[in-house]
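Enquirer: Below you'll find the structure I mean.
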Amino acid sequence: MSNVPNVNSFEFLAASCKALSHPARLEILQTLALRGTCICGEIVDVMPLSQATVSQHLKVLKDAGLISWENDGQKSCYCINNETIRVLREKIEGLFGSLDNCC
């Protein structure tokens, strides 16, 4: 079973873009992309935000399907959901692909 949300409508694209609309969430995604898999505490160490704030941003990204989550005892591990990111890229390219033919 795929971890990609329903992508047959603009709701997926809108929800993904909304999740990406905060600079802290973009920084979290970049951190995860650069490190592969990350533990929440490590993310807090590189960001000027409290643990609670980082956790809220992680929840938004997880709910949008942009990151995957795994509980490893007392640690929560997060990583990029590559399949969802791939689909999101395709949807954005499809949405704006016709700009090549624009004025």
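Every chain in the structure tokens takes a letter, A first, then B, and so on in the order presented; its residues are numbered from 1, and the ligands are numbered from 1 following the presented order.
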Give me every alpha helix (DSSP H) residue in chain A, going by DSSP on the backbone, as a ChimeraX atom specification.
Expert: /A:10-19,23-35,40-46,51-63,82-96
Enquirer: Put those residues in a file: C-alpha atoms, as a PDB file, in the first residue's frame.
Expert:
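New file part_30.pdb:
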```pdb
ATOM      1  CA  PHE A  10      -6.352  19.580  -6.505  1.00  0.00           C
ATOM      2  CA  GLU A  11      -6.917  18.891  -2.791  1.00  0.00           C
ATOM      3  CA  PHE A  12      -3.627  16.963  -2.648  1.00  0.00           C
ATOM      4  CA  LEU A  13      -1.749  19.788  -4.329  1.00  0.00           C
ATOM      5  CA  ALA A  14      -3.379  22.451  -2.157  1.00  0.00           C
ATOM      6  CA  ALA A  15      -2.746  20.527   1.084  1.00  0.00           C
ATOM      7  CA  SER A  16       0.873  19.908   0.115  1.00  0.00           C
ATOM      8  CA  CYS A  17       1.458  23.547  -0.778  1.00  0.00           C
ATOM      9  CA  LYS A  18      -0.158  24.646   2.473  1.00  0.00           C
ATOM     10  CA  ALA A  19       2.180  22.349   4.406  1.00  0.00           C
ATOM     11  CA  PRO A  23       9.744  28.659   6.347  1.00  0.00           C
ATOM     12  CA  ALA A  24      10.309  26.413   9.377  1.00  0.00           C
ATOM     13  CA  ARG A  25       8.689  23.466   7.606  1.00  0.00           C
ATOM     14  CA  LEU A  26      10.841  24.055   4.529  1.00  0.00           C
ATOM     15  CA  GLU A  27      13.908  24.094   6.776  1.00  0.00           C
ATOM     16  CA  ILE A  28      12.797  20.854   8.422  1.00  0.00           C
ATOM     17  CA  LEU A  29      12.375  19.219   5.008  1.00  0.00           C
ATOM     18  CA  GLN A  30      15.801  20.433   3.930  1.00  0.00           C
ATOM     19  CA  THR A  31      17.351  19.084   7.129  1.00  0.00           C
ATOM     20  CA  LEU A  32      15.698  15.700   6.606  1.00  0.00           C
ATOM     21  CA  ALA A  33      16.743  15.613   2.957  1.00  0.00           C
ATOM     22  CA  LEU A  34      20.368  16.347   3.832  1.00  0.00           C
ATOM     23  CA  ARG A  35      20.545  13.821   6.693  1.00  0.00           C
ATOM     24  CA  CYS A  40      13.105  14.951  16.276  1.00  0.00           C
ATOM     25  CA  GLY A  41      15.645  16.063  18.879  1.00  0.00           C
ATOM     26  CA  GLU A  42      18.276  16.474  16.185  1.00  0.00           C
ATOM     27  CA  ILE A  43      15.950  18.736  14.243  1.00  0.00           C
ATOM     28  CA  VAL A  44      15.409  20.875  17.328  1.00  0.00           C
ATOM     29  CA  ASP A  45      19.196  21.198  17.729  1.00  0.00           C
ATOM     30  CA  VAL A  46      19.588  22.852  14.321  1.00  0.00           C
ATOM     31  CA  GLN A  51      10.610  21.245  20.852  1.00  0.00           C
ATOM     32  CA  ALA A  52       6.846  21.868  20.946  1.00  0.00           C
ATOM     33  CA  THR A  53       6.949  24.164  17.911  1.00  0.00           C
ATOM     34  CA  VAL A  54       9.088  21.743  15.912  1.00  0.00           C
ATOM     35  CA  SER A  55       6.698  18.929  16.837  1.00  0.00           C
ATOM     36  CA  GLN A  56       3.736  20.969  15.569  1.00  0.00           C
ATOM     37  CA  HIS A  57       5.501  21.595  12.258  1.00  0.00           C
ATOM     38  CA  LEU A  58       6.425  17.902  11.966  1.00  0.00           C
ATOM     39  CA  LYS A  59       2.771  16.994  12.495  1.00  0.00           C
ATOM     40  CA  VAL A  60       1.673  19.291   9.652  1.00  0.00           C
ATOM     41  CA  LEU A  61       4.265  17.731   7.325  1.00  0.00           C
ATOM     42  CA  LYS A  62       3.289  14.218   8.419  1.00  0.00           C
ATOM     43  CA  ASP A  63      -0.445  14.897   7.989  1.00  0.00           C
ATOM     44  CA  ASN A  82      10.105  10.207  -1.383  1.00  0.00           C
ATOM     45  CA  GLU A  83       7.048   8.850  -3.196  1.00  0.00           C
ATOM     46  CA  THR A  84       4.832  11.742  -2.103  1.00  0.00           C
ATOM     47  CA  ILE A  85       7.525  14.272  -3.024  1.00  0.00           C
ATOM     48  CA  ARG A  86       7.868  12.628  -6.445  1.00  0.00           C
ATOM     49  CA  VAL A  87       4.113  12.842  -7.052  1.00  0.00           C
ATOM     50  CA  LEU A  88       4.030  16.440  -5.811  1.00  0.00           C
ATOM     51  CA  ARG A  89       6.803  17.401  -8.232  1.00  0.00           C
ATOM     52  CA  GLU A  90       4.895  15.777 -11.091  1.00  0.00           C
ATOM     53  CA  LYS A  91       1.673  17.590 -10.144  1.00  0.00           C
ATOM     54  CA  ILE A  92       3.419  20.976  -9.941  1.00  0.00           C
ATOM     55  CA  GLU A  93       5.187  20.389 -13.253  1.00  0.00           C
ATOM     56  CA  GLY A  94       1.861  19.345 -14.802  1.00  0.00           C
ATOM     57  CA  LEU A  95       0.120  22.416 -13.443  1.00  0.00           C
ATOM     58  CA  PHE A  96       2.717  24.818 -14.778  1.00  0.00           C
TER      59      PHE A  96
END
```
Enquirer: Can you measure atom CA of A:Trp69 to atom CA of A:Ser9 for me? One decimal in Å is fine.
Expert: 24.5 Å
